[in-house]
>>> print(open('final-v2.csv').read())   # CSV, N, CA and C atoms and all ligand atoms
chain,number,residue,atom,x,y,z
Y,1,MET,N,74.7,81.9,104.8
Y,1,MET,CA,75.4,83.2,104.7
Y,1,MET,C,76.8,83.1,105.3
Y,2,SER,N,77.8,83.4,104.5
Y,2,SER,CA,79.2,83.4,105.0
Y,2,SER,C,79.5,84.6,105.8
Y,3,ASP,N,80.5,84.4,106.7
Y,3,ASP,CA,80.9,85.5,107.5
Y,3,ASP,C,81.9,86.4,106.7
Y,4,TRP,N,82.1,87.6,107.2
Y,4,TRP,CA,83.1,88.5,106.6
Y,4,TRP,C,84.4,88.0,106.9
Y,5,VAL,N,85.3,87.9,105.9
Y,5,VAL,CA,86.7,87.5,106.0
Y,5,VAL,C,87.6,88.7,105.9
Y,6,THR,N,88.5,88.8,106.8
Y,6,THR,CA,89.5,89.9,106.8
Y,6,THR,C,90.6,89.6,105.8
Y,7,VAL,N,90.8,90.6,104.9
Y,7,VAL,CA,91.8,90.4,103.9
Y,7,VAL,C,93.2,91.0,104.3
Y,8,CYS,N,93.1,92.2,104.8
Y,8,CYS,CA,94.3,92.9,105.2
Y,8,CYS,C,93.8,94.3,105.8
Y,9,ARG,N,94.8,95.0,106.3
Y,9,ARG,CA,94.5,96.4,106.7
Y,9,ARG,C,94.3,97.2,105.4
Y,10,ALA,N,93.4,98.2,105.5
Y,10,ALA,CA,93.1,99.0,104.3
Y,10,ALA,C,94.4,99.8,103.9
Y,11,ASP,N,95.2,100.2,104.8
Y,11,ASP,CA,96.4,100.9,104.4
Y,11,ASP,C,97.5,100.0,103.8
Y,12,GLU,N,97.3,98.7,103.8
Y,12,GLU,CA,98.2,97.7,103.3
Y,12,GLU,C,97.9,97.4,101.8
Y,13,LEU,N,96.8,97.9,101.3
Y,13,LEU,CA,96.4,97.6,99.9
Y,13,LEU,C,96.3,98.9,99.2
Y,14,ALA,N,97.4,99.3,98.5
Y,14,ALA,CA,97.5,100.6,97.9
Y,14,ALA,C,96.7,100.5,96.5
Y,15,PRO,N,96.4,101.7,96.0
Y,15,PRO,CA,95.8,101.7,94.7
Y,15,PRO,C,96.6,101.0,93.6
Y,16,GLY,N,95.9,100.2,92.8
Y,16,GLY,CA,96.6,99.4,91.8
Y,16,GLY,C,97.1,98.0,92.3
Y,17,GLU,N,97.0,97.8,93.6
Y,17,GLU,CA,97.4,96.5,94.1
Y,17,GLU,C,96.2,95.6,94.4
Y,18,HIS,N,96.5,94.3,94.6
Y,18,HIS,CA,95.4,93.4,94.9
Y,18,HIS,C,96.0,92.3,96.0
Y,19,ARG,N,95.0,91.7,96.6
Y,19,ARG,CA,95.4,90.6,97.5
Y,19,ARG,C,94.4,89.4,97.3
Y,20,ILE,N,94.8,88.3,97.6
Y,20,ILE,CA,94.0,87.1,97.5
Y,20,ILE,C,93.5,86.6,98.8
Y,21,ALA,N,92.3,86.3,99.0
Y,21,ALA,CA,91.8,85.7,100.2
Y,21,ALA,C,91.0,84.4,99.9
Y,22,ASP,N,91.1,83.5,100.9
Y,22,ASP,CA,90.3,82.3,100.8
Y,22,ASP,C,89.0,82.6,101.6
Y,23,VAL,N,87.9,82.5,100.9
Y,23,VAL,CA,86.6,82.8,101.5
Y,23,VAL,C,85.8,81.5,101.3
Y,24,ASP,N,85.7,80.8,102.4
Y,24,ASP,CA,85.0,79.5,102.4
Y,24,ASP,C,85.4,78.6,101.2
Y,25,GLY,N,86.7,78.6,100.9
Y,25,GLY,CA,87.2,77.7,99.9
Y,25,GLY,C,87.3,78.4,98.5
Y,26,ALA,N,86.7,79.6,98.4
Y,26,ALA,CA,86.7,80.3,97.1
Y,26,ALA,C,88.0,81.2,97.1
Y,27,GLN,N,88.7,81.3,96.1
Y,27,GLN,CA,89.8,82.2,96.0
Y,27,GLN,C,89.3,83.5,95.4
Y,28,VAL,N,89.4,84.5,96.3
Y,28,VAL,CA,88.8,85.8,95.9
Y,28,VAL,C,90.0,86.9,95.8
Y,29,ALA,N,90.0,87.6,94.7
Y,29,ALA,CA,91.0,88.6,94.5
Y,29,ALA,C,90.3,90.0,94.8
Y,30,VAL,N,91.0,90.7,95.8
Y,30,VAL,CA,90.5,92.0,96.2
Y,30,VAL,C,91.4,93.1,95.7
Y,31,PHE,N,90.8,94.0,95.0
Y,31,PHE,CA,91.6,95.1,94.3
Y,31,PHE,C,91.3,96.4,94.9
Y,32,ASN,N,92.3,97.3,94.9
Y,32,ASN,CA,92.1,98.7,95.2
Y,32,ASN,C,92.2,99.4,93.8
Y,33,LEU,N,91.1,100.0,93.4
Y,33,LEU,CA,91.1,100.8,92.2
Y,33,LEU,C,90.9,102.2,92.6
Y,34,ASP,N,91.9,103.0,92.5
Y,34,ASP,CA,91.8,104.4,92.8
Y,34,ASP,C,91.1,104.7,94.2
Y,35,GLY,N,91.5,103.8,95.2
Y,35,GLY,CA,91.0,104.0,96.5
Y,35,GLY,C,89.7,103.3,96.8
Y,36,GLU,N,89.1,102.7,95.8
Y,36,GLU,CA,87.8,101.9,96.1
Y,36,GLU,C,88.2,100.4,96.0
Y,37,PHE,N,87.6,99.6,96.8
Y,37,PHE,CA,87.9,98.2,96.9
Y,37,PHE,C,86.8,97.4,96.1
Y,38,PHE,N,87.3,96.4,95.4
Y,38,PHE,CA,86.4,95.5,94.6
Y,38,PHE,C,86.9,94.1,94.8
Y,39,ALA,N,86.0,93.1,94.7
Y,39,ALA,CA,86.4,91.7,94.8
Y,39,ALA,C,85.7,90.9,93.8
Y,40,ILE,N,86.5,90.1,93.1
Y,40,ILE,CA,86.0,89.1,92.1
Y,40,ILE,C,86.6,87.7,92.4
Y,41,GLU,N,86.0,86.7,91.9
Y,41,GLU,CA,86.6,85.4,92.1
Y,41,GLU,C,87.8,85.3,91.2
Y,42,ASP,N,88.9,84.7,91.7
Y,42,ASP,CA,90.1,84.7,91.0
Y,42,ASP,C,90.1,83.5,90.0
Y,43,VAL,N,89.1,83.4,89.2
Y,43,VAL,CA,88.9,82.3,88.3
Y,43,VAL,C,88.4,82.8,87.0
Y,44,CYS,N,89.1,82.5,85.9
Y,44,CYS,CA,88.6,82.8,84.6
Y,44,CYS,C,87.5,81.9,84.1
Y,45,THR,N,86.5,82.4,83.6
Y,45,THR,CA,85.3,81.5,83.2
Y,45,THR,C,85.6,80.9,81.8
Y,46,HIS,N,86.7,81.2,81.2
Y,46,HIS,CA,87.0,80.5,79.9
Y,46,HIS,C,87.4,79.1,80.2
Y,47,ASP,N,88.5,78.9,81.0
Y,47,ASP,CA,89.0,77.5,81.2
Y,47,ASP,C,89.5,77.4,82.7
Y,48,GLY,N,89.0,78.2,83.6
Y,48,GLY,CA,89.3,78.0,85.0
Y,48,GLY,C,90.6,78.5,85.4
Y,49,GLY,N,91.3,79.2,84.6
Y,49,GLY,CA,92.6,79.8,85.0
Y,49,GLY,C,92.6,80.8,86.1
Y,50,VAL,N,93.7,81.0,86.7
Y,50,VAL,CA,93.8,82.0,87.8
Y,50,VAL,C,94.0,83.4,87.1
Y,51,LEU,N,93.1,84.3,87.5
Y,51,LEU,CA,93.2,85.6,86.8
Y,51,LEU,C,94.4,86.5,87.3
Y,52,THR,N,94.6,86.5,88.6
Y,52,THR,CA,95.7,87.3,89.1
Y,52,THR,C,97.0,86.8,88.5
Y,53,GLY,N,97.9,87.8,88.3
Y,53,GLY,CA,99.1,87.5,87.6
Y,53,GLY,C,99.1,88.0,86.2
Y,54,GLY,N,97.8,88.2,85.7
Y,54,GLY,CA,97.6,88.9,84.4
Y,54,GLY,C,97.7,90.4,84.7
Y,55,PRO,N,98.0,91.2,83.6
Y,55,PRO,CA,98.0,92.6,83.7
Y,55,PRO,C,96.7,93.3,84.1
Y,56,ILE,N,96.8,94.3,84.9
Y,56,ILE,CA,95.6,95.1,85.3
Y,56,ILE,C,95.7,96.4,84.4
Y,57,GLN,N,94.7,96.7,83.7
Y,57,GLN,CA,94.7,97.8,82.8
Y,57,GLN,C,93.4,98.6,83.0
Y,58,GLY,N,93.6,99.8,83.7
Y,58,GLY,CA,92.5,100.5,84.1
Y,58,GLY,C,91.7,99.7,85.1
Y,59,GLY,N,90.4,99.5,84.8
Y,59,GLY,CA,89.5,98.7,85.7
Y,59,GLY,C,89.4,97.3,85.2
Y,60,GLU,N,90.3,96.8,84.4
Y,60,GLU,CA,90.2,95.5,83.8
Y,60,GLU,C,91.4,94.7,84.2
Y,61,ILE,N,91.2,93.3,84.3
Y,61,ILE,CA,92.3,92.4,84.4
Y,61,ILE,C,92.3,91.5,83.2
Y,62,VAL,N,93.4,91.2,82.7
Y,62,VAL,CA,93.6,90.3,81.5
Y,62,VAL,C,94.1,89.0,82.0
Y,63,CYS,N,93.3,87.9,81.6
Y,63,CYS,CA,93.7,86.6,82.0
Y,63,CYS,C,95.0,86.2,81.4
Y,64,PRO,N,96.0,85.8,82.2
Y,64,PRO,CA,97.3,85.5,81.7
Y,64,PRO,C,97.4,84.3,80.8
Y,65,ARG,N,96.3,83.5,80.8
Y,65,ARG,CA,96.4,82.2,79.9
Y,65,ARG,C,96.0,82.5,78.5
Y,66,HIS,N,94.9,83.1,78.2
Y,66,HIS,CA,94.5,83.3,76.8
Y,66,HIS,C,94.0,84.7,76.5
Y,67,GLY,N,94.1,85.6,77.5
Y,67,GLY,CA,93.9,87.0,77.2
Y,67,GLY,C,92.5,87.5,77.3
Y,68,ALA,N,91.5,86.7,77.9
Y,68,ALA,CA,90.2,87.3,78.2
Y,68,ALA,C,90.3,88.4,79.1
Y,69,ARG,N,89.4,89.4,79.0
Y,69,ARG,CA,89.4,90.6,79.8
Y,69,ARG,C,88.2,90.6,80.7
Y,70,PHE,N,88.4,91.0,82.0
Y,70,PHE,CA,87.3,91.0,82.9
Y,70,PHE,C,87.2,92.4,83.6
Y,71,CYS,N,86.0,92.9,83.8
Y,71,CYS,CA,85.8,94.1,84.6
Y,71,CYS,C,86.0,93.8,86.1
Y,72,ILE,N,87.0,94.5,86.7
Y,72,ILE,CA,87.2,94.2,88.1
Y,72,ILE,C,86.1,94.7,89.0
Y,73,ARG,N,85.4,95.7,88.5
Y,73,ARG,CA,84.2,96.3,89.3
Y,73,ARG,C,83.0,95.4,89.3
Y,74,THR,N,82.8,94.7,88.2
Y,74,THR,CA,81.5,93.9,88.1
Y,74,THR,C,81.7,92.4,87.9
Y,75,GLY,N,82.9,92.0,87.5
Y,75,GLY,CA,83.2,90.6,87.1
Y,75,GLY,C,82.8,90.3,85.7
Y,76,GLU,N,82.2,91.2,85.0
Y,76,GLU,CA,81.7,91.0,83.7
Y,76,GLU,C,82.9,90.6,82.7
Y,77,ALA,N,82.6,89.6,81.9
Y,77,ALA,CA,83.6,89.2,80.8
Y,77,ALA,C,83.5,90.2,79.7
Y,78,LEU,N,84.6,90.8,79.3
Y,78,LEU,CA,84.6,91.9,78.3
Y,78,LEU,C,85.1,91.5,77.0
Y,79,SER,N,85.8,90.3,76.9
Y,79,SER,CA,86.3,89.9,75.6
Y,79,SER,C,86.5,88.4,75.6
Y,80,ALA,N,86.4,87.8,74.4
Y,80,ALA,CA,86.6,86.4,74.2
Y,80,ALA,C,88.1,86.1,74.6
Y,81,PRO,N,88.3,84.9,74.9
Y,81,PRO,CA,87.5,83.7,74.8
Y,81,PRO,C,86.6,83.4,76.0
Y,82,ALA,N,86.4,84.4,77.0
Y,82,ALA,CA,85.5,84.2,78.1
Y,82,ALA,C,84.2,85.0,77.7
Y,83,PHE,N,83.1,84.4,78.1
Y,83,PHE,CA,81.8,85.0,77.8
Y,83,PHE,C,80.9,85.2,79.0
Y,84,GLU,N,81.2,84.4,80.1
Y,84,GLU,CA,80.4,84.5,81.3
Y,84,GLU,C,81.2,85.3,82.4
Y,85,ALA,N,80.5,86.0,83.2
Y,85,ALA,CA,81.1,86.8,84.2
Y,85,ALA,C,81.7,85.9,85.3
Y,86,THR,N,82.8,86.4,85.9
Y,86,THR,CA,83.3,85.7,87.1
Y,86,THR,C,82.5,86.3,88.3
Y,87,ALA,N,82.5,85.6,89.4
Y,87,ALA,CA,81.7,86.1,90.5
Y,87,ALA,C,82.2,87.4,91.1
Y,88,LYS,N,81.3,88.2,91.5
Y,88,LYS,CA,81.7,89.5,92.2
Y,88,LYS,C,81.2,89.3,93.7
Y,89,PHE,N,82.0,89.9,94.6
Y,89,PHE,CA,81.7,89.8,96.0
Y,89,PHE,C,81.6,91.1,96.7
Y,90,PRO,N,80.8,91.2,97.7
Y,90,PRO,CA,80.8,92.5,98.5
Y,90,PRO,C,82.1,92.7,99.3
Y,91,VAL,N,82.5,93.9,99.4
Y,91,VAL,CA,83.7,94.3,100.1
Y,91,VAL,C,83.3,95.4,101.1
Y,92,ARG,N,83.9,95.5,102.3
Y,92,ARG,CA,83.6,96.6,103.2
Y,92,ARG,C,84.9,96.9,103.9
Y,93,VAL,N,85.0,98.1,104.4
Y,93,VAL,CA,86.1,98.5,105.3
Y,93,VAL,C,85.5,98.7,106.7
Y,94,GLU,N,86.0,97.9,107.6
Y,94,GLU,CA,85.4,97.9,109.0
Y,94,GLU,C,86.6,98.0,109.9
Y,95,ALA,N,86.6,99.0,110.7
Y,95,ALA,CA,87.7,99.2,111.7
Y,95,ALA,C,89.1,99.2,111.0
Y,96,GLU,N,89.2,99.8,109.8
Y,96,GLU,CA,90.4,99.9,109.1
Y,96,GLU,C,90.8,98.6,108.4
Y,97,LEU,N,89.9,97.6,108.5
Y,97,LEU,CA,90.2,96.3,107.8
Y,97,LEU,C,89.4,96.1,106.6
Y,98,VAL,N,90.0,95.6,105.5
Y,98,VAL,CA,89.3,95.3,104.3
Y,98,VAL,C,88.7,93.9,104.5
Y,99,GLN,N,87.4,93.8,104.3
Y,99,GLN,CA,86.7,92.5,104.5
Y,99,GLN,C,85.9,92.1,103.3
Y,100,VAL,N,85.8,90.8,103.1
Y,100,VAL,CA,85.0,90.4,101.9
Y,100,VAL,C,84.2,89.2,102.4
Y,101,ARG,N,83.1,88.9,101.7
Y,101,ARG,CA,82.3,87.7,102.0
Y,101,ARG,C,81.7,87.2,100.7
Y,102,ASP,N,81.3,85.9,100.8
Y,102,ASP,CA,80.7,85.2,99.7
Y,102,ASP,C,79.2,85.2,99.8
Y,103,ASP,N,78.5,86.0,99.0
Y,103,ASP,CA,77.1,86.2,99.2
Y,103,ASP,C,76.3,85.3,98.2
Y,104,ARG,N,77.0,84.4,97.5
Y,104,ARG,CA,76.3,83.6,96.5
Y,104,ARG,C,75.3,82.7,97.0
Y,105,TRP,N,75.4,82.3,98.3
Y,105,TRP,CA,74.5,81.3,98.8
Y,105,TRP,C,73.6,81.8,99.8
Y,106,ASP,N,73.4,83.2,99.9
Y,106,ASP,CA,72.5,83.8,100.9
Y,106,ASP,C,71.1,83.4,100.6
S,1,LIG,S1,91.7,80.5,81.0
S,1,LIG,FE1,91.4,82.7,80.9
S,1,LIG,S2,91.3,83.2,78.8
S,1,LIG,FE2,91.5,81.0,78.8
>>> encode(input="final-v2.csv", output="structure tokens")
Amino acid sequence: MSDWVTVCRADELAPGEHRIADVDGAQVAVFNLDGEFFAIEDVCTHDGGVLTGGPIQGGEIVCPRHGARFCIRTGEALSAPAFEATAKFPVRVEAELVQVRDDRWD
């Protein structure tokens, strides 16, 4: 079980913004969507591209390489050429800090 990793202070991550955190070697993108925090692996399941840097449209991020869309809330792949979800991670706010952990190996 991995420990919680602090990403930033909650007031440093405004709605519509995101931050990247290294969580035990995984690159995790943490988003603020309308005041709620969500975290997905910053990896496109089509060809391993980095997702961040692509446009965020509503609750979706568009891979900047070939345009696959992913749900930021669930990690689900929403359009070709990606068909598999990217990993989703638990996020919490503890003492005003946004924290994320990798629960894939629990
Ligand atoms: S690497 Fe993301 S759509 Fe191809």
>>> closest_atom_pairs(input="final-v2.csv", of="segment 5-41 of chain Y", to="segment 66-85 of chain Y", cutoff="6 Å", atoms="only N, CA and C atoms", output="JSON lines")
{"residue": "Y:Phe38", "atom": "CA", "partner": "Y:Ile72", "partner_atom": "C", "distance": 5.7}
{"residue": "Y:Ala39", "atom": "N", "partner": "Y:Ile72", "partner_atom": "C", "distance": 5.9}
{"residue": "Y:Ile40", "atom": "CA", "partner": "Y:Gly75", "partner_atom": "CA", "distance": 5.9}
>>> closest_residue(input="final-v2.csv", among="Y:Glu41, Y:Val50, Y:Lys88, Y:Glu96", to="ligand LIG 1 (chain S)", atoms="only C-alpha atoms and all ligand atoms")
Y:Val50
>>> residues_near_ligand(input="final-v2.csv", ligand="ligand LIG 1 (chain S)", cutoff="5 Å", atoms="all atoms listed in the file", output="number ranges by chain")
Y: 44, 46-49, 63, 65-68
>>> residues_around(input="final-v2.csv", residues="Phe37 of chain Y", least_positions_apart="3", cutoff="9 Å", atoms="only C-alpha atoms", output="PyMOL selection string")
chain Y and resi 15+30-34+73+91-93+98
>>> atom_distance(input="final-v2.csv", atom1="atom CA of Glu94 of chain Y", atom2="atom CA of Gly54 of chain Y")
28.9 Å
>>> atom_distance(input="final-v2.csv", atom1="atom CA of Asp22 of chain Y", atom2="atom CA of Val5 of chain Y")
8.2 Å
>>> atom_distance(input="final-v2.csv", atom1="atom C of Asp11 of chain Y", atom2="atom C of Arg104 of chain Y")
29.0 Å
>>> closest_residue(input="final-v2.csv", among="Y:Gly58, Y:Thr52, Y:Gly16, Y:Val23", to="Val100 of chain Y", atoms="only N, CA and C atoms")
Y:Val23
>>> closest_residue(input="final-v2.csv", among="Y:Ala29, Y:Gln99, Y:Phe89, Y:Trp105", to="Trp4 of chain Y", atoms="only N, CA and C atoms")
Y:Gln99
>>> select_by_dssp(input="final-v2.csv", residues="segment 13-98 of chain Y", states="strand (DSSP E)", output="PyMOL selection string")
chain Y and resi 18-23+26-33+36-41+56-57+60-62+69-71+88-89+91-94+97-98
>>> closest_residue(input="final-v2.csv", among="Y:Leu51, Y:Glu12, Y:Gln57, Y:Gly25", to="Arg101 of chain Y", atoms="only C-alpha atoms")
Y:Gly25
>>> residues_around(input="final-v2.csv", residues="Cys8 of chain Y", least_positions_apart="2", cutoff="5 Å", atoms="all atoms listed in the file", output="list in words")
Thr6, Ala10, Leu97 and Val98 of chain Y
>>> decode(input="final-v2.csv", residues="segment 22-38 of chain Y", atoms="N, CA and C atoms", output="JSON list (two decimals), in the first residue's frame")
[["chain", "number", "residue", "atom", "x", "y", "z"],
["Y", 22, "ASP", "N", 4.58, 12.87, -8.70],
["Y", 22, "ASP", "CA", 5.23, 11.57, -8.83],
["Y", 22, "ASP", "C", 4.79, 10.73, -7.64],
["Y", 23, "VAL", "N", 4.07, 9.65, -7.91],
["Y", 23, "VAL", "CA", 3.57, 8.79, -6.83],
["Y", 23, "VAL", "C", 4.21, 7.42, -7.02],
["Y", 24, "ASP", "N", 5.25, 7.18, -6.27],
["Y", 24, "ASP", "CA", 5.98, 5.91, -6.37],
["Y", 24, "ASP", "C", 6.38, 5.60, -7.80],
["Y", 25, "GLY", "N", 6.80, 6.63, -8.52],
["Y", 25, "GLY", "CA", 7.28, 6.44, -9.89],
["Y", 25, "GLY", "C", 6.21, 6.62, -10.94],
["Y", 26, "ALA", "N", 4.94, 6.67, -10.55],
["Y", 26, "ALA", "CA", 3.87, 6.91, -11.51],
["Y", 26, "ALA", "C", 3.62, 8.41, -11.62],
["Y", 27, "GLN", "N", 3.45, 8.88, -12.84],
["Y", 27, "GLN", "CA", 3.12, 10.29, -13.05],
["Y", 27, "GLN", "C", 1.61, 10.43, -12.97],
["Y", 28, "VAL", "N", 1.17, 11.18, -11.98],
["Y", 28, "VAL", "CA", -0.26, 11.30, -11.71],
["Y", 28, "VAL", "C", -0.68, 12.76, -11.91],
["Y", 29, "ALA", "N", -1.74, 12.94, -12.69],
["Y", 29, "ALA", "CA", -2.28, 14.28, -12.94],
["Y", 29, "ALA", "C", -3.49, 14.48, -12.03],
["Y", 30, "VAL", "N", -3.43, 15.54, -11.22],
["Y", 30, "VAL", "CA", -4.51, 15.85, -10.29],
["Y", 30, "VAL", "C", -5.22, 17.10, -10.79],
["Y", 31, "PHE", "N", -6.53, 16.99, -10.96],
["Y", 31, "PHE", "CA", -7.33, 18.06, -11.54],
["Y", 31, "PHE", "C", -8.31, 18.60, -10.51],
["Y", 32, "ASN", "N", -8.58, 19.88, -10.64],
["Y", 32, "ASN", "CA", -9.69, 20.50, -9.92],
["Y", 32, "ASN", "C", -10.79, 20.74, -10.94],
["Y", 33, "LEU", "N", -11.90, 19.99, -10.80],
["Y", 33, "LEU", "CA", -13.06, 20.19, -11.67],
["Y", 33, "LEU", "C", -14.17, 20.78, -10.82],
["Y", 34, "ASP", "N", -14.41, 22.04, -11.00],
["Y", 34, "ASP", "CA", -15.50, 22.72, -10.28],
["Y", 34, "ASP", "C", -15.40, 22.51, -8.77],
["Y", 35, "GLY", "N", -14.18, 22.53, -8.24],
["Y", 35, "GLY", "CA", -13.99, 22.43, -6.80],
["Y", 35, "GLY", "C", -13.81, 21.02, -6.27],
["Y", 36, "GLU", "N", -13.92, 20.03, -7.13],
["Y", 36, "GLU", "CA", -13.69, 18.64, -6.72],
["Y", 36, "GLU", "C", -12.38, 18.16, -7.34],
["Y", 37, "PHE", "N", -11.64, 17.37, -6.58],
["Y", 37, "PHE", "CA", -10.34, 16.92, -7.06],
["Y", 37, "PHE", "C", -10.42, 15.48, -7.58],
["Y", 38, "PHE", "N", -9.73, 15.26, -8.70],
["Y", 38, "PHE", "CA", -9.68, 13.93, -9.32],
["Y", 38, "PHE", "C", -8.26, 13.68, -9.79]]
